[in-house]
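The structure file coords24.csv is reproduced below (CSV, C-alpha atoms and all ligand atoms).
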```csv
chain,number,residue,atom,x,y,z
A,1,MET,CA,88.3,134.3,72.5
A,2,THR,CA,86.5,133.3,69.3
A,3,GLU,CA,83.8,130.7,69.8
A,4,GLN,CA,82.9,128.5,66.9
A,5,SER,CA,79.7,127.1,68.4
A,6,ASN,CA,77.1,128.2,70.9
A,7,SER,CA,76.4,124.6,71.9
A,8,GLY,CA,78.4,122.9,74.5
A,9,SER,CA,79.1,119.8,72.5
A,10,ASN,CA,78.2,120.5,68.8
A,11,SER,CA,81.0,121.0,66.3
A,12,PRO,CA,80.4,123.9,63.9
A,13,ALA,CA,78.0,122.6,61.3
A,14,SER,CA,79.6,124.8,58.7
A,15,VAL,CA,83.1,123.3,59.1
A,16,LYS,CA,83.5,120.1,57.0
A,17,LYS,CA,85.8,117.7,58.8
A,18,THR,CA,87.9,115.0,57.3
A,19,PRO,CA,87.4,111.9,59.3
A,20,ALA,CA,90.4,111.4,61.6
A,21,PRO,CA,92.2,108.0,61.4
A,22,PRO,CA,92.6,105.9,64.6
A,23,ALA,CA,95.0,107.5,67.0
A,24,ARG,CA,98.6,106.2,67.2
A,25,LEU,CA,100.5,105.8,70.5
A,26,GLY,CA,104.1,104.7,70.7
A,27,SER,CA,103.2,102.5,73.7
A,28,LYS,CA,101.2,99.4,74.4
A,29,HIS,CA,99.8,101.0,77.6
A,30,PHE,CA,98.2,104.5,78.3
A,31,LEU,CA,99.5,105.4,81.7
A,32,GLY,CA,99.9,109.2,81.5
A,33,ILE,CA,100.0,112.4,79.5
A,34,GLU,CA,103.6,113.1,80.5
A,35,GLY,CA,105.8,111.7,77.8
A,36,LEU,CA,103.2,111.8,75.0
A,37,ASN,CA,104.2,114.0,72.1
A,38,PRO,CA,101.9,116.6,70.4
A,39,LEU,CA,101.3,114.2,67.5
A,40,GLU,CA,100.0,111.5,69.8
A,41,ILE,CA,97.9,113.9,71.8
A,42,ASN,CA,96.4,115.5,68.7
A,43,SER,CA,95.7,112.1,67.1
A,44,LEU,CA,93.7,111.1,70.2
A,45,ILE,CA,91.8,114.4,70.3
A,46,ASP,CA,91.0,114.3,66.6
A,47,ARG,CA,89.8,110.7,66.8
A,48,GLY,CA,87.7,111.5,69.9
A,49,ASP,CA,86.2,114.4,68.0
A,50,MET,CA,85.2,112.1,65.2
A,51,PHE,CA,83.6,109.7,67.8
A,52,ALA,CA,81.8,112.6,69.5
A,53,ASP,CA,80.2,113.5,66.2
A,54,LEU,CA,79.3,109.9,65.5
A,55,ILE,CA,77.7,109.5,69.0
A,56,GLN,CA,75.6,112.6,68.4
A,57,GLN,CA,74.3,111.2,65.1
A,58,THR,CA,73.4,107.8,66.6
A,59,THR,CA,70.4,106.5,68.3
A,60,SER,CA,70.8,104.2,71.3
A,61,LEU,CA,69.1,101.3,69.5
A,62,GLN,CA,71.8,100.9,66.9
A,63,PRO,CA,74.5,98.2,67.1
A,64,PRO,CA,78.0,99.1,68.3
A,65,LEU,CA,79.5,102.1,66.4
A,66,SER,CA,82.6,100.1,65.5
A,67,ASP,CA,83.7,96.5,65.8
A,68,VAL,CA,87.3,97.3,66.5
A,69,LEU,CA,87.1,95.6,69.9
A,70,ARG,CA,84.7,92.7,68.8
A,71,GLY,CA,85.9,89.5,70.5
A,72,ARG,CA,88.0,91.4,73.0
A,73,THR,CA,87.4,91.8,76.7
A,74,VAL,CA,87.8,95.1,78.6
A,75,LEU,CA,88.0,94.7,82.3
A,76,ASN,CA,87.3,97.7,84.6
A,77,LEU,CA,89.3,97.4,87.9
A,78,PHE,CA,88.5,100.3,90.1
A,79,PHE,CA,90.1,100.3,93.6
A,80,GLU,CA,88.7,103.8,94.2
A,81,ASN,CA,85.1,105.1,93.7
A,82,SER,CA,84.1,106.4,90.4
A,83,THR,CA,80.9,107.3,88.5
A,84,ARG,CA,81.9,109.2,85.4
A,85,THR,CA,85.1,107.4,84.5
A,86,ARG,CA,83.9,103.8,85.1
A,87,VAL,CA,80.6,104.2,83.3
A,88,SER,CA,82.0,106.1,80.4
A,89,PHE,CA,84.7,103.4,79.9
A,90,GLU,CA,82.0,100.8,79.9
A,91,LEU,CA,80.0,102.7,77.3
A,92,ALA,CA,83.0,103.4,75.2
A,93,ALA,CA,84.1,99.8,75.2
A,94,LYS,CA,80.6,98.6,74.3
A,95,ASN,CA,80.4,101.2,71.5
A,96,LEU,CA,83.5,99.5,70.1
A,97,GLY,CA,82.0,96.0,70.3
A,98,ALA,CA,83.9,94.8,73.3
A,99,SER,CA,82.7,92.5,76.1
A,100,VAL,CA,83.0,94.5,79.4
A,101,LEU,CA,83.5,93.2,82.9
A,102,ASN,CA,83.4,95.4,86.0
A,103,ILE,CA,85.3,94.1,89.0
A,104,ASN,CA,83.6,95.0,92.3
A,105,VAL,CA,86.8,95.5,94.4
A,106,ALA,CA,84.7,95.8,97.5
A,107,GLY,CA,83.4,92.3,96.9
A,108,SER,CA,86.7,90.9,95.6
A,109,SER,CA,89.5,88.9,97.2
A,110,VAL,CA,91.4,92.2,97.7
A,111,LYS,CA,89.2,92.5,100.8
A,112,LYS,CA,90.7,89.2,102.0
A,113,GLY,CA,94.2,90.6,101.8
A,114,GLU,CA,95.2,89.7,98.2
A,115,THR,CA,97.9,92.1,97.0
A,116,LEU,CA,97.7,94.3,93.9
A,117,LEU,CA,100.2,92.1,92.1
A,118,ASP,CA,98.5,88.8,93.0
A,119,THR,CA,95.2,90.4,91.9
A,120,ALA,CA,96.9,91.3,88.6
A,121,THR,CA,98.3,87.9,87.9
A,122,THR,CA,95.0,86.3,88.8
A,123,LEU,CA,93.1,88.4,86.4
A,124,ASN,CA,95.9,88.0,83.8
A,125,ALA,CA,95.3,84.2,83.9
A,126,MET,CA,91.8,84.9,82.4
A,127,HIS,CA,93.4,86.7,79.4
A,128,PRO,CA,91.6,90.0,79.3
A,129,HIS,CA,92.7,92.2,76.4
A,130,ILE,CA,92.5,95.7,78.1
A,131,LEU,CA,92.5,96.6,81.8
A,132,VAL,CA,91.2,100.0,82.9
A,133,VAL,CA,92.6,100.6,86.3
A,134,ARG,CA,92.0,103.2,89.1
A,135,HIS,CA,94.1,103.0,92.3
A,136,ASN,CA,94.7,105.3,95.2
A,137,CYS,CA,98.5,105.0,95.0
A,138,ALA,CA,100.5,107.0,92.5
A,139,GLY,CA,102.5,104.5,90.3
A,140,ALA,CA,100.2,101.5,91.1
A,141,VAL,CA,98.8,101.3,87.6
A,142,GLN,CA,102.2,101.4,86.0
A,143,LEU,CA,103.4,98.6,88.4
A,144,LEU,CA,100.4,96.5,87.5
A,145,SER,CA,101.0,97.0,83.8
A,146,GLN,CA,104.4,95.3,84.2
A,147,HIS,CA,102.8,92.1,85.4
A,148,VAL,CA,100.0,91.5,82.9
A,149,ASP,CA,99.8,90.7,79.2
A,150,ALA,CA,96.8,93.1,78.7
A,151,ALA,CA,97.1,96.7,77.6
A,152,VAL,CA,96.5,98.9,80.6
A,153,ILE,CA,94.8,102.3,80.8
A,154,ASN,CA,95.3,104.5,83.8
A,155,ALA,CA,91.9,105.7,85.0
A,156,GLY,CA,93.5,107.7,87.8
A,157,ASP,CA,96.4,106.8,90.2
A,158,GLY,CA,96.6,108.7,93.5
A,159,ARG,CA,97.9,112.2,93.0
A,160,HIS,CA,99.8,111.2,89.8
A,161,GLU,CA,97.8,111.3,86.6
A,162,HIS,CA,94.3,111.0,85.2
A,163,PRO,CA,95.2,111.1,81.5
A,164,THR,CA,91.8,110.4,80.0
A,165,GLN,CA,90.2,113.2,82.0
A,166,ALA,CA,92.8,115.7,80.5
A,167,LEU,CA,92.1,114.3,77.1
A,168,LEU,CA,88.3,114.8,77.4
A,169,ASP,CA,88.9,118.2,78.9
A,170,ALA,CA,91.0,119.3,75.9
A,171,LEU,CA,88.5,117.8,73.5
A,172,THR,CA,85.6,119.6,75.2
A,173,ILE,CA,87.5,122.9,74.9
A,174,LYS,CA,88.4,122.3,71.2
A,175,ARG,CA,84.8,121.4,70.3
A,176,ARG,CA,83.5,124.6,72.0
A,177,ILE,CA,86.2,127.1,71.1
A,178,GLY,CA,87.9,125.5,68.2
A,179,ARG,CA,91.5,125.5,69.6
A,180,VAL,CA,93.5,125.2,72.8
A,181,GLU,CA,96.6,127.1,71.7
A,182,GLY,CA,96.8,130.6,73.1
A,183,LEU,CA,94.0,130.2,75.6
A,184,LYS,CA,94.5,131.4,79.2
A,185,ILE,CA,93.3,128.6,81.5
A,186,ALA,CA,93.2,128.9,85.3
A,187,ILE,CA,93.2,125.5,87.2
A,188,CYS,CA,91.8,126.4,90.7
A,189,GLY,CA,91.6,124.6,93.9
A,190,ASP,CA,93.3,121.6,95.5
A,191,ILE,CA,96.2,121.3,93.1
A,192,ALA,CA,98.4,119.4,95.5
A,193,ASN,CA,96.1,116.4,95.6
A,194,SER,CA,94.8,116.5,92.0
A,195,ARG,CA,95.8,114.0,89.3
A,196,VAL,CA,93.5,115.9,87.0
A,197,ALA,CA,95.5,119.1,87.5
A,198,ARG,CA,98.8,117.2,86.8
A,199,SER,CA,97.5,115.6,83.6
A,200,ASN,CA,95.9,118.9,82.4
A,201,ILE,CA,99.1,120.9,83.0
A,202,HIS,CA,101.0,118.5,80.8
A,203,LEU,CA,98.4,118.3,78.1
A,204,LEU,CA,97.2,121.8,77.9
A,205,SER,CA,100.7,123.2,78.0
A,206,THR,CA,101.8,120.9,75.3
A,207,LEU,CA,99.0,122.2,73.1
A,208,GLY,CA,100.1,125.8,73.7
A,209,ALA,CA,97.7,127.0,76.4
A,210,GLU,CA,98.9,129.5,79.1
A,211,ILE,CA,98.3,127.7,82.4
A,212,ARG,CA,97.8,129.4,85.8
A,213,LEU,CA,97.4,127.5,89.0
A,214,VAL,CA,95.2,129.1,91.7
A,215,CYS,CA,95.2,127.7,95.3
A,216,PRO,CA,96.0,128.4,98.9
A,217,ALA,CA,99.7,128.1,99.5
A,218,THR,CA,99.0,124.9,101.6
A,219,LEU,CA,97.6,123.2,98.5
A,220,LEU,CA,100.5,123.8,96.1
A,221,PRO,CA,102.4,120.6,95.1
A,222,MET,CA,106.0,120.2,96.2
A,223,ASP,CA,107.3,120.0,92.6
A,224,ILE,CA,105.5,123.1,91.5
A,225,ASP,CA,108.7,124.9,90.2
A,226,ALA,CA,109.2,122.1,87.6
A,227,MET,CA,105.8,122.6,86.1
A,228,GLY,CA,106.6,125.9,84.4
A,229,VAL,CA,103.2,127.5,85.2
A,230,GLU,CA,102.1,130.8,86.8
A,231,ILE,CA,101.1,130.5,90.5
A,232,HIS,CA,98.4,132.6,92.3
A,233,THR,CA,97.2,132.4,95.8
A,234,SER,CA,94.2,134.8,95.2
A,235,LEU,CA,91.3,133.5,93.1
A,236,GLU,CA,90.3,137.0,91.9
A,237,GLU,CA,93.9,137.7,90.7
A,238,GLY,CA,94.4,134.3,89.3
A,239,ILE,CA,91.4,134.3,87.0
A,240,GLU,CA,91.8,137.9,85.8
A,241,GLY,CA,91.1,137.8,82.0
A,242,VAL,CA,91.3,134.0,81.6
A,243,ASP,CA,89.3,132.2,78.9
A,244,ILE,CA,88.6,129.1,81.0
A,245,VAL,CA,88.2,128.6,84.8
A,246,MET,CA,88.7,125.0,85.7
A,247,MET,CA,87.6,124.3,89.3
A,248,LEU,CA,88.7,121.3,91.3
A,249,ARG,CA,87.2,119.7,94.4
A,250,LEU,CA,89.0,119.5,97.8
A,251,GLN,CA,90.2,115.9,97.8
A,252,THR,CA,89.8,115.4,101.5
A,253,GLU,CA,90.5,111.7,101.1
A,254,ARG,CA,94.1,112.6,100.3
A,255,MET,CA,94.5,115.3,103.0
A,256,GLU,CA,96.0,115.2,106.4
A,257,GLY,CA,93.5,117.7,107.8
A,258,THR,CA,95.4,121.0,108.2
A,259,GLU,CA,95.5,122.2,104.6
A,260,THR,CA,92.3,124.3,104.5
A,261,PRO,CA,90.3,126.4,106.9
A,262,SER,CA,86.6,125.6,107.3
A,263,GLN,CA,84.6,124.9,104.1
A,264,ARG,CA,82.8,128.2,104.5
A,265,GLU,CA,86.0,130.1,104.7
A,266,TYR,CA,87.4,128.2,101.8
A,267,PHE,CA,84.4,129.1,99.7
A,268,ASN,CA,84.7,132.8,100.6
A,269,LEU,CA,88.3,132.8,99.5
A,270,PHE,CA,88.5,130.2,96.7
A,271,GLY,CA,85.0,129.2,95.8
A,272,LEU,CA,83.8,130.4,92.3
A,273,ASP,CA,80.6,132.4,92.2
A,274,ARG,CA,79.2,135.0,89.7
A,275,ASN,CA,80.8,137.9,91.5
A,276,LYS,CA,84.3,136.5,91.4
A,277,LEU,CA,83.8,135.2,87.8
A,278,GLN,CA,83.5,138.8,86.6
A,279,ARG,CA,87.3,139.0,86.9
A,280,ALA,CA,87.7,136.4,84.1
A,281,ALA,CA,87.2,137.3,80.4
A,282,PRO,CA,83.6,138.4,79.6
A,283,ASP,CA,82.7,135.1,77.9
A,284,ALA,CA,84.9,132.8,80.0
A,285,LEU,CA,83.8,129.2,80.3
A,286,ILE,CA,83.6,127.1,83.5
A,287,MET,CA,84.9,123.5,83.8
A,288,HIS,CA,85.0,120.9,86.5
A,289,PRO,CA,86.0,117.3,86.2
A,290,GLY,CA,83.4,116.3,88.9
A,291,PRO,CA,82.3,115.2,91.3
A,292,MET,CA,81.5,118.7,92.5
A,293,ASN,CA,81.0,119.9,96.1
A,294,ARG,CA,78.5,122.7,95.6
A,295,GLY,CA,79.0,125.5,98.0
A,296,VAL,CA,82.6,124.6,98.6
A,297,GLU,CA,84.6,125.2,95.4
A,298,ILE,CA,81.7,126.4,93.2
A,299,ASP,CA,78.2,127.6,93.8
A,300,SER,CA,75.2,126.2,92.0
A,301,ALA,CA,74.3,129.3,90.0
A,302,THR,CA,77.8,129.1,88.4
A,303,ALA,CA,78.0,125.4,88.0
A,304,ASP,CA,74.6,125.2,86.3
A,305,ASP,CA,75.0,128.3,84.1
A,306,VAL,CA,73.8,126.9,80.7
A,307,GLU,CA,75.7,129.6,78.7
A,308,ARG,CA,79.1,129.2,80.4
A,309,SER,CA,79.3,125.9,82.2
A,310,LEU,CA,80.8,123.0,80.2
A,311,ILE,CA,80.5,120.6,83.1
A,312,ARG,CA,77.8,118.3,81.6
A,313,THR,CA,79.5,118.5,78.2
A,314,GLN,CA,82.7,117.2,79.8
A,315,VAL,CA,80.8,114.1,80.9
A,316,GLU,CA,79.3,113.6,77.5
A,317,ILE,CA,82.6,114.0,75.7
A,318,GLY,CA,84.2,111.5,78.1
A,319,VAL,CA,82.7,108.5,76.2
A,320,ALA,CA,84.1,109.7,72.9
A,321,ALA,CA,87.6,110.5,74.3
A,322,ARG,CA,87.8,107.0,75.9
A,323,MET,CA,86.7,105.3,72.7
A,324,ALA,CA,89.7,107.0,71.0
A,325,CYS,CA,92.0,105.6,73.8
A,326,LEU,CA,90.6,102.1,73.7
A,327,GLU,CA,90.8,101.9,69.9
A,328,ALA,CA,94.4,103.2,70.0
A,329,LEU,CA,95.4,100.4,72.3
A,330,ALA,CA,93.5,97.8,70.3
A,331,THR,CA,95.4,99.0,67.2
A,332,GLU,CA,98.7,99.4,69.1
A,333,GLY,CA,99.3,96.0,70.5
A,334,ALA,CA,96.7,94.8,73.0
A,335,PRO,CA,96.7,91.0,72.8
B,1,LIG,N1,86.3,113.0,87.0
B,1,LIG,C1,86.2,111.8,87.6
B,1,LIG,O1,87.2,111.1,87.5
B,1,LIG,O2,85.0,111.4,88.1
B,1,LIG,P1,84.7,110.0,88.8
B,1,LIG,O3,85.5,109.9,90.0
B,1,LIG,O4,83.2,110.0,89.0
B,1,LIG,O5,85.2,108.9,87.8
```
As structure tokens:
Amino acid sequence: MTEQSNSGSNSPASVKKTPAPPARLGSKHFLGIEGLNPLEINSLIDRGDMFADLIQQTTSLQPPLSDVLRGRTVLNLFFENSTRTRVSFELAAKNLGASVLNINVAGSSVKKGETLLDTATTLNAMHPHILVVRHNCAGAVQLLSQHVDAAVINAGDGRHEHPTQALLDALTIKRRIGRVEGLKIAICGDIANSRVARSNIHLLSTLGAEIRLVCPATLLPMDIDAMGVEIHTSLEEGIEGVDIVMMLRLQTERMEGTETPSQREYFNLFGLDRNKLQRAAPDALIMHPGPMNRGVEIDSATADDVERSLIRTQVEIGVAARMACLEALATEGAP
């Protein structure tokens, strides 16, 4: 692996970049990575890279970085909890000059029994331009997109996809290593319940990475054969020689209770620590989409390793990646 920078988020100062144009998507909505072509994916990554540079050069007292969303309303509608995704979409939209509204689902009429579609048509009557939606059911965001005039971004739907997470992960890798193609990447943990894994398998494979999935047999997804990836049920074997170890949390909210042994036993077998990490490439990097459960899938010494952990950088880069998505939809046909 050849690193171009020793900083988690800085691009190599010596490499002069041509500013990337706004990304182009062939769709009004951004619902998943599956179905995007390499040109669309690379246009989002390149534009996100440009925004990441811009954010690093900017002080917080400056006006919006762009006015591409001036006069437009972005509505964050999260039916599931979120810290990173919701806040970074809000910052991204404000950086582009938008007005942002955050719907508190816990305090909304959903709690009085209003359906997803009635909620969608109610919000649609107020003419938002972009809806950013997270829902616990796979397919719910796509269904909602068919009933509103706004452009819709999937901020995570059940076990299906979390496309902007995959995008920010790829951008984080590209800014640190300079490429995705040819890297060996192990995605480890609760694959069956992970929308992050699904989106990353699509995206990182499309960009030419070699993907390995590492998990207990009980946490393999049903459609694993169609994914075209290497499977390992031993962490030590699965991360042998890899460039990147991407850890995932046990998503107990989607489990039925019998998939894993005790958390201590799970950590012994599948938790990442410095000892197990020695099996990866000598300078292998560590990623995690968050939120982390320390001592379950990863220990603190590994998660907080300033030389090798990209976990905080992933959060930082999330704002830039989401700016690229919002801008693309504004350009592509949001009302
Ligand atoms: N990675 C991620 O989606 O984090 P949040 O649930 O905090 O948004």
- Surrounding residues of Met292 (chain A) excluding itself and chain neighbours under 3 positions, 12 Å, all atoms listed in the file, as an NGL selection string: :A and (84 or 189 or 246-251 or 271-272 or 287-289 or 295-300 or 302-304 or 311-312)
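Nearest residue to ligand LIG 1 (chain B), choosing from A:Ser88, A:Thr172, A:Thr122, A:Asn293 and counting all atoms listed in the file: A:Ser88.
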- Message: To one decimal place in Å, what is the distance between CA of Ala170 (chain A) and CA of His202 (chain A)?
- Response: 11.2 Å
Which residues of chain A sit at most 6 Å from ligand LIG 1 (chain B), using all atoms listed in the file? Give each one's shortest atom pair and distance in Å (one decimal place), in chain and ascending residue order, as CSV.
```
residue,atom,partner,partner_atom,distance
A:Ser82,CA,B:LIG1,O5,3.8
A:Thr83,CA,B:LIG1,O4,3.6
A:Arg84,CA,B:LIG1,O4,3.9
A:Thr85,CA,B:LIG1,O5,3.6
A:Arg86,CA,B:LIG1,O5,5.9
A:Pro289,CA,B:LIG1,N1,4.4
A:Gly290,CA,B:LIG1,N1,4.8
A:Pro291,CA,B:LIG1,O2,5.7
```
Would you write out, as a Markdown table, a table of all residues in region 202-227 of chain A that have an atom no more than 6 Å from an atom of region 232-245 of chain A, listing for each the closest atom pair and the distance in Å to one decimal, considering all atoms listed in the file and ordering rows by chain and rising residue number?
```
| residue | atom | partner | partner_atom | distance |
| --- | --- | --- | --- | --- |
| A:Val214 | CA | A:His232 | CA | 4.8 |
| A:Cys215 | CA | A:Thr233 | CA | 5.1 |
| A:Pro216 | CA | A:Thr233 | CA | 5.2 |
```
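Our summary of the geometry notes that CA of Lys276 (chain A) is positioned 19.3 Å from CA of Ala217 (chain A).
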- Ile211 (chain A) proximity check over A:Leu171, A:Ala186, A:Ala226, A:Ala192, using all atoms listed in the file: winner is A:Ala186
- Work out how far CA of Pro22 (chain A) is from CA of Met50 (chain A), in Å to one decimal. 9.7 Å
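Ranking A:Leu219, A:Ile185, A:Met227, A:Glu253 by their shortest atom-to-atom distance to Leu285 (chain A), with all atoms listed in the file included, puts A:Ile185 first.
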- Message: I want to know what sits within 6 Å of Val74 (chain A), based on only C-alpha atoms, with residues of the same chain fewer than 2 positions away left out; could you give that as a PyMOL selection string?
- Response: chain A and resi 100+130-131
- Message: What's around Ala209 (chain A) at 9 Å? Count all atoms listed in the file, leave out sequence neighbours fewer than 5 positions away in its own chain, and write the answer as JSON, numbers by chain.
- Response: {"A": [180, 181, 182, 183, 184, 185, 203, 204]}
Hey, can you spit out that residue selection with C-alpha atoms as an mmCIF file, in the coordinates of the input?
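File written: result37.cif
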```cif
data_model
loop_
_atom_site.group_PDB
_atom_site.id
_atom_site.type_symbol
_atom_site.label_atom_id
_atom_site.label_comp_id
_atom_site.auth_asym_id
_atom_site.auth_seq_id
_atom_site.Cartn_x
_atom_site.Cartn_y
_atom_site.Cartn_z
ATOM 1 C CA VAL A 180 93.500 125.200 72.800
ATOM 2 C CA GLU A 181 96.600 127.100 71.700
ATOM 3 C CA GLY A 182 96.800 130.600 73.100
ATOM 4 C CA LEU A 183 94.000 130.200 75.600
ATOM 5 C CA LYS A 184 94.500 131.400 79.200
ATOM 6 C CA ILE A 185 93.300 128.600 81.500
ATOM 7 C CA LEU A 203 98.400 118.300 78.100
ATOM 8 C CA LEU A 204 97.200 121.800 77.900
#
```
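Nearest residue to Leu39 (chain A) among A:Asn200, A:Thr206, A:Ser109, A:Asn95 is A:Thr206, counting all atoms listed in the file.
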- Between A:His162, A:Arg175, A:His29, A:His135, single out the one closest to Ala197 (chain A), counting only C-alpha atoms. A:His162
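Considering the residues A:Glu307, A:Glu316, A:Asp118, A:Glu327 and counting all atoms listed in the file, Ala52 (chain A) has its shortest atom-to-atom contact with A:Glu316.
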- Task: Just the residues within 8 Å of Arg308 (chain A), please, counting only C-alpha atoms, with nothing from its chain fewer than 5 positions along; format it as number ranges by chain.
- Result: A: 283-286
From the block you just saw, export region 39-57 of chain A: N, CA, C and O atoms, as a compact mmCIF listing (two decimals), in the first residue's frame.
```
# COMPACT_ATOMS: atom_id res chain seq x y z
N LEU A 39 -18.84 6.16 -13.40
CA LEU A 39 -18.72 7.60 -13.67
C LEU A 39 -19.48 8.41 -12.64
O LEU A 39 -18.99 9.43 -12.13
N GLU A 40 -20.70 7.95 -12.31
CA GLU A 40 -21.51 8.66 -11.32
C GLU A 40 -20.83 8.62 -9.95
O GLU A 40 -20.74 9.63 -9.24
N ILE A 41 -20.34 7.43 -9.57
CA ILE A 41 -19.68 7.29 -8.27
C ILE A 41 -18.44 8.18 -8.20
O ILE A 41 -18.24 8.93 -7.24
N ASN A 42 -17.63 8.13 -9.24
CA ASN A 42 -16.39 8.92 -9.22
C ASN A 42 -16.69 10.42 -9.25
O ASN A 42 -15.94 11.21 -8.66
N SER A 43 -17.77 10.81 -9.92
CA SER A 43 -18.09 12.25 -9.95
C SER A 43 -18.48 12.73 -8.55
O SER A 43 -18.13 13.84 -8.15
N LEU A 44 -19.18 11.88 -7.79
CA LEU A 44 -19.53 12.25 -6.40
C LEU A 44 -18.28 12.30 -5.52
O LEU A 44 -18.11 13.21 -4.70
N ILE A 45 -17.40 11.31 -5.69
CA ILE A 45 -16.18 11.28 -4.87
C ILE A 45 -15.28 12.47 -5.19
O ILE A 45 -14.76 13.14 -4.28
N ASP A 46 -15.12 12.76 -6.46
CA ASP A 46 -14.23 13.87 -6.84
C ASP A 46 -14.77 15.21 -6.35
O ASP A 46 -14.03 16.08 -5.87
N ARG A 47 -16.09 15.37 -6.45
CA ARG A 47 -16.67 16.63 -5.98
C ARG A 47 -16.58 16.72 -4.46
O ARG A 47 -16.30 17.77 -3.89
N GLY A 48 -16.82 15.57 -3.78
CA GLY A 48 -16.70 15.53 -2.32
C GLY A 48 -15.27 15.88 -1.90
O GLY A 48 -15.05 16.57 -0.90
N ASP A 49 -14.30 15.42 -2.66
CA ASP A 49 -12.90 15.70 -2.38
C ASP A 49 -12.64 17.21 -2.46
O ASP A 49 -11.98 17.80 -1.59
N MET A 50 -13.23 17.83 -3.47
CA MET A 50 -13.08 19.28 -3.63
C MET A 50 -13.71 20.01 -2.43
O MET A 50 -13.13 20.92 -1.85
N PHE A 51 -14.91 19.55 -2.02
CA PHE A 51 -15.56 20.19 -0.86
C PHE A 51 -14.75 19.96 0.42
O PHE A 51 -14.68 20.84 1.29
N ALA A 52 -14.15 18.77 0.56
CA ALA A 52 -13.33 18.50 1.76
C ALA A 52 -12.15 19.46 1.83
O ALA A 52 -11.82 19.98 2.91
N ASP A 53 -11.52 19.72 0.69
CA ASP A 53 -10.43 20.71 0.66
C ASP A 53 -10.95 22.08 1.06
O ASP A 53 -10.32 22.80 1.84
N LEU A 54 -12.10 22.45 0.50
CA LEU A 54 -12.68 23.77 0.76
C LEU A 54 -13.01 23.94 2.24
O LEU A 54 -12.72 24.98 2.84
N ILE A 55 -13.59 22.91 2.85
CA ILE A 55 -13.94 22.97 4.28
C ILE A 55 -12.68 23.17 5.11
O ILE A 55 -12.65 23.96 6.05
N GLN A 56 -11.60 22.47 4.75
CA GLN A 56 -10.36 22.58 5.53
C GLN A 56 -9.75 23.97 5.44
O GLN A 56 -9.04 24.41 6.33
N GLN A 57 -10.04 24.67 4.32
CA GLN A 57 -9.46 26.01 4.14
C GLN A 57 -10.34 27.10 4.72
O GLN A 57 -10.03 28.28 4.65
```
